[in-house]
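Trainee: Enclosed is the structure file data_14.cif (mmCIF, C-alpha atoms).
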data_target
loop_
_atom_site.label_atom_id
_atom_site.label_comp_id
_atom_site.auth_asym_id
_atom_site.auth_seq_id
_atom_site.Cartn_x
_atom_site.Cartn_y
_atom_site.Cartn_z
CA MET A 1138 75.38 87.75 133.56
CA VAL A 1139 76.20 87.91 137.26
CA SER A 1140 75.15 84.86 139.24
CA LYS A 1141 73.32 84.96 142.56
CA GLU A 1142 76.41 83.56 144.22
CA GLN A 1143 78.56 86.40 142.90
CA LYS A 1144 75.99 88.99 144.05
CA ARG A 1145 75.84 87.37 147.48
CA ALA A 1146 79.65 87.35 147.74
CA ALA A 1147 79.81 91.02 146.70
CA LEU A 1148 77.17 91.96 149.29
CA HIS A 1149 79.02 90.01 151.98
CA GLU A 1150 82.27 91.77 151.09
CA GLN A 1151 80.58 95.19 151.25
CA LEU A 1152 79.02 94.38 154.63
CA GLN A 1153 82.42 93.32 155.98
CA HIS A 1154 83.89 96.58 154.70
CA LEU A 1155 81.08 98.51 156.44
CA ARG A 1156 81.72 96.50 159.60
CA SER A 1157 85.40 97.45 159.61
CA LEU A 1158 84.69 101.14 158.87
CA THR A 1159 82.28 101.43 161.80
CA ASN A 1160 84.37 99.34 164.23
CA SER A 1161 81.45 96.92 164.60
CA HIS A 1162 81.94 93.57 166.26
CA ALA A 1163 78.61 92.24 164.99
CA LEU A 1164 78.52 88.96 163.12
CA ASN A 1165 75.17 88.99 161.32
CA GLU A 1166 74.09 91.37 158.57
CA SER A 1167 71.29 93.14 160.42
CA SER A 1168 73.50 93.83 163.44
CA ILE A 1169 76.23 95.25 161.20
CA ILE A 1170 73.68 97.61 159.61
CA ILE A 1171 72.31 98.64 163.02
CA ASP A 1172 75.84 99.34 164.29
CA ALA A 1173 76.56 101.37 161.14
CA SER A 1174 73.37 103.36 161.68
CA LYS A 1175 74.39 104.14 165.28
CA TYR A 1176 77.86 105.12 164.11
CA ILE A 1177 76.39 107.51 161.52
CA GLU A 1178 74.17 109.09 164.19
CA LYS A 1179 77.21 109.65 166.43
CA LEU A 1180 79.05 111.26 163.53
CA LYS A 1181 76.06 113.51 162.80
CA GLN A 1182 75.99 114.63 166.44
CA LYS A 1183 79.71 115.28 166.40
CA VAL A 1184 79.43 117.35 163.20
CA GLU A 1185 76.54 119.34 164.69
CA ARG A 1186 78.49 119.99 167.90
CA LEU A 1187 81.57 121.10 165.95
CA ASN A 1188 79.46 123.34 163.71
CA GLN A 1189 77.96 124.96 166.80
CA GLU A 1190 81.42 125.51 168.29
CA ILE A 1191 82.64 127.03 165.02
CA ALA A 1192 79.59 129.29 164.77
CA SER A 1193 80.08 130.34 168.37
CA ALA A 1194 83.75 131.09 167.74
CA GLU A 1195 82.95 133.06 164.58
CA THR A 1196 80.30 135.22 166.25
CA SER A 1197 82.59 136.04 169.14
CA THR A 1198 85.64 136.77 166.95
CA ALA A 1199 84.57 140.39 166.57
CA HIS A 1200 84.88 140.90 170.33
CA ASP A 1201 88.49 139.72 170.67
CA PRO A 1202 87.46 136.30 172.01
CA LEU A 1203 89.41 133.78 173.97
CA PRO A 1204 90.87 130.94 171.90
CA MET A 1205 88.47 128.03 171.28
CA VAL A 1206 89.25 124.81 173.14
CA THR A 1207 87.98 121.31 172.37
CA VAL A 1208 88.98 118.13 174.18
CA GLU A 1209 88.04 114.61 173.10
CA THR A 1210 88.61 111.44 175.06
CA LEU A 1211 90.69 108.87 173.21
CA GLU A 1212 91.20 105.22 174.05
CA LYS A 1213 94.21 106.22 176.11
CA GLY A 1214 94.34 109.93 176.85
CA PHE A 1215 92.93 113.03 175.20
CA LEU A 1216 92.99 114.98 171.94
CA ILE A 1217 93.29 118.67 172.81
CA ASN A 1218 92.69 121.42 170.23
CA VAL A 1219 93.14 125.14 170.81
CA TYR A 1220 92.43 127.66 168.05
CA SER A 1221 92.52 131.44 167.84
CA ALA A 1222 92.00 133.61 164.77
CA LYS A 1223 94.98 135.72 165.82
CA GLY A 1224 98.50 135.01 167.04
CA CYS A 1225 98.86 134.44 170.79
CA SER A 1226 102.37 135.13 172.00
CA GLY A 1227 103.16 133.10 175.12
CA LEU A 1228 99.97 131.02 175.09
CA LEU A 1229 101.76 127.78 174.26
CA VAL A 1230 103.86 128.05 177.41
CA SER A 1231 100.72 128.60 179.54
CA ILE A 1232 99.03 125.53 178.05
CA LEU A 1233 102.08 123.31 178.53
CA GLU A 1234 102.42 124.47 182.14
CA VAL A 1235 98.84 123.29 182.78
CA PHE A 1236 99.70 119.93 181.20
CA GLU A 1237 102.62 119.63 183.58
CA GLU A 1238 100.46 120.54 186.59
CA MET A 1239 97.87 117.93 185.55
CA ARG A 1240 100.64 115.39 184.94
CA LEU A 1241 99.62 114.98 181.28
CA THR A 1242 102.32 113.61 179.03
CA VAL A 1243 102.27 115.04 175.50
CA LEU A 1244 102.60 112.08 173.15
CA GLU A 1245 102.24 114.06 169.94
CA ALA A 1246 101.72 117.76 169.19
CA ARG A 1247 101.33 120.17 166.27
CA VAL A 1248 101.57 123.92 166.75
CA SER A 1249 101.26 126.88 164.41
CA CYS A 1250 101.80 130.39 165.76
CA THR A 1251 102.13 132.49 162.60
CA ASP A 1252 99.02 134.59 161.82
CA THR A 1253 96.70 132.36 163.84
CA PHE A 1254 97.28 130.12 166.83
CA ARG A 1255 96.61 126.41 166.37
CA PHE A 1256 97.57 123.78 168.88
CA GLN A 1257 96.71 120.11 168.66
CA ALA A 1258 98.09 117.55 171.07
CA VAL A 1259 97.52 114.00 172.17
CA GLY A 1260 98.19 113.67 175.87
CA GLU A 1261 97.77 110.95 178.44
CA ASN A 1262 97.64 110.97 182.21
CA GLU A 1263 100.96 109.88 183.71
CA GLU A 1264 99.29 108.39 186.76
CA GLU A 1265 96.15 106.39 186.02
CA ARG A 1266 95.12 106.44 189.66
CA ASP A 1267 94.55 110.21 189.33
CA ALA A 1268 91.75 109.75 186.81
CA ILE A 1269 90.86 112.94 184.95
CA ASP A 1270 88.22 113.40 182.28
CA ALA A 1271 87.96 115.50 179.13
CA HIS A 1272 85.83 118.14 180.87
CA THR A 1273 88.50 118.64 183.55
CA VAL A 1274 91.21 119.00 180.90
CA LYS A 1275 89.09 121.50 178.94
CA GLU A 1276 88.40 123.55 182.08
CA ALA A 1277 92.09 123.60 183.03
CA VAL A 1278 93.20 124.67 179.54
CA GLY A 1279 90.43 127.30 179.50
CA GLN A 1280 91.65 128.65 182.85
CA ALA A 1281 95.23 128.75 181.54
CA ILE A 1282 94.00 130.81 178.58
CA LYS A 1283 92.17 133.22 180.90
CA ASN A 1284 95.26 133.56 183.09
CA TRP A 1285 97.41 134.11 179.99
CA ARG A 1286 95.03 136.81 178.80
CA LYS A 1287 95.10 138.56 182.21
CA GLY A 1288 98.88 138.46 182.21
CA GLY A 1289 98.95 139.93 178.69
CA ASP A 1290 96.55 142.73 179.64
CA GLU A 1291 98.76 143.79 182.55
CA GLU A 1292 101.86 144.21 180.39
#
Would you encode the structure as structure tokens?

Mentor:
Amino acid sequence: MVSKEQKRAALHEQLQHLRSLTNSHALNESSIIIDASKYIEKLKQKVERLNQEIASAETSTAHDPLPMVTVETLEKGFLINVYSAKGCSGLLVSILEVFEEMRLTVLEARVSCTDTFRFQAVGENEEERDAIDAHTVKEAVGQAIKNWRKGGDEE
């Protein structure tokens, strides 16, 4: 039979695990649970937003859409994702040129240009005094895609 002390220790261990998973700095049990609840709500919102972006991208795929762009703010820099259901010759160069203009340093990147175009990069601003936000990065990448498309249409 499991003693009360063993049950209490197991509960404490599970709460500490929950605390670490949700990046909570709370010390008491109720605060850990509240922080976990808030974390779950944020994740739900993020999933909903991503589902909407995916649905939007899928509905516009039939009309030869522009590649989908998402930008998230990280602790230091940004996570930039660009996706297109078809290959996009020359698009990578256009995106990297925008990074250079914005003085974003690419810390890590993954690119696939076979049947589809997928680009994921972690970038940070070289000069912190020129503060830029995720929206600005997304707009700049979006403009680079539009310019790339115009250049491709003229050829």

Trainee: Just so the selection is clear, what residues does the PyMOL selection byres ((chain A and resi 1251) around 12) cover here, as number ranges by chain?

Mentor: A: 1221-1226, 1248-1250, 1252-1256

Trainee: Measure the distance from atom CA of A:Arg1186 to atom CA of A:Asp1270 in Å and round it to one decimal.

Mentor: 18.6 Å

Trainee: Identify all residues satisfying the PyMOL selection byres ((chain A and resi 1154-1159) around 8) in the given file; provide them as a short mmCIF file (atom, residue, chain, number, x, y, z; two decimals) with C-alpha atoms, in the frame of the given file.

Mentor:
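After the write, expr-v2.cif holds the following:
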data_model
loop_
_atom_site.label_atom_id
_atom_site.label_comp_id
_atom_site.auth_asym_id
_atom_site.auth_seq_id
_atom_site.Cartn_x
_atom_site.Cartn_y
_atom_site.Cartn_z
CA GLU A 1150 82.27 91.77 151.09
CA GLN A 1151 80.58 95.19 151.25
CA LEU A 1152 79.02 94.38 154.63
CA GLN A 1153 82.42 93.32 155.98
CA ASN A 1160 84.37 99.34 164.23
CA SER A 1161 81.45 96.92 164.60
CA HIS A 1162 81.94 93.57 166.26
CA ALA A 1163 78.61 92.24 164.99
CA ILE A 1169 76.23 95.25 161.20
CA ASP A 1172 75.84 99.34 164.29
CA ALA A 1173 76.56 101.37 161.14
CA TYR A 1176 77.86 105.12 164.11
#

Trainee: Quick one: residues within 12 Å of A:Glu1245, all atoms listed in the file counted, chain neighbours fewer than 6 positions away excluded, as a PyMOL selection string?

Mentor: chain A and resi 1214-1217+1256-1261

Trainee: Starting from the shown file, work through the PyMOL selection byres ((chain A and resi 1271) around 12) and note down what comes out as JSON, numbers by chain.

Mentor: {"A": [1206, 1207, 1208, 1209, 1210, 1211, 1212, 1213, 1214, 1215, 1216, 1217, 1218, 1241, 1259, 1260, 1261, 1262, 1268, 1269, 1270, 1272, 1273, 1274, 1275, 1276, 1277, 1278]}

Trainee: Can you tell me which residues surround A:Lys1283 at a distance of at most 10 Å, considering all atoms listed in the file, apart from same-chain residues fewer than 6 positions away, and format the answer as a list in words?

Mentor: Leu1203, Pro1204, Leu1228, Ser1231, Ala1277 and Gly1289 of chain A

Trainee: Determine the nearest neighbour of A:Gln1189 from the options A:Met1205, A:Lys1175, A:Thr1242, A:Ala1281, counting only C-alpha atoms.

Mentor: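 Ranking A:Met1205, A:Lys1175, A:Thr1242, A:Ala1281 by distance to A:Gln1189, first place goes to A:Met1205.
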
Trainee: State, in Å with one decimal place, the distance from atom CA of A:Arg1247 to atom CA of A:Val1219.

Mentor: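 One can read the atom CA of A:Arg1247 to atom CA of A:Val1219 distance as 10.6 Å.
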
Trainee: Between atom CA of A:Glu1185 and atom CA of A:Ile1170, what distance in Å does the model show, to one decimal?

Mentor: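 Separation of atom CA of A:Glu1185 and atom CA of A:Ile1170: 22.5 Å.
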
Trainee: When you count all atoms listed in the file, which of these residues is closest to A:Met1239: A:Leu1148, A:Leu1164, A:Glu1264, A:Val1139?

Mentor: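 Of A:Leu1148, A:Leu1164, A:Glu1264, A:Val1139, the one nearest A:Met1239 is A:Glu1264, counting all atoms listed in the file.
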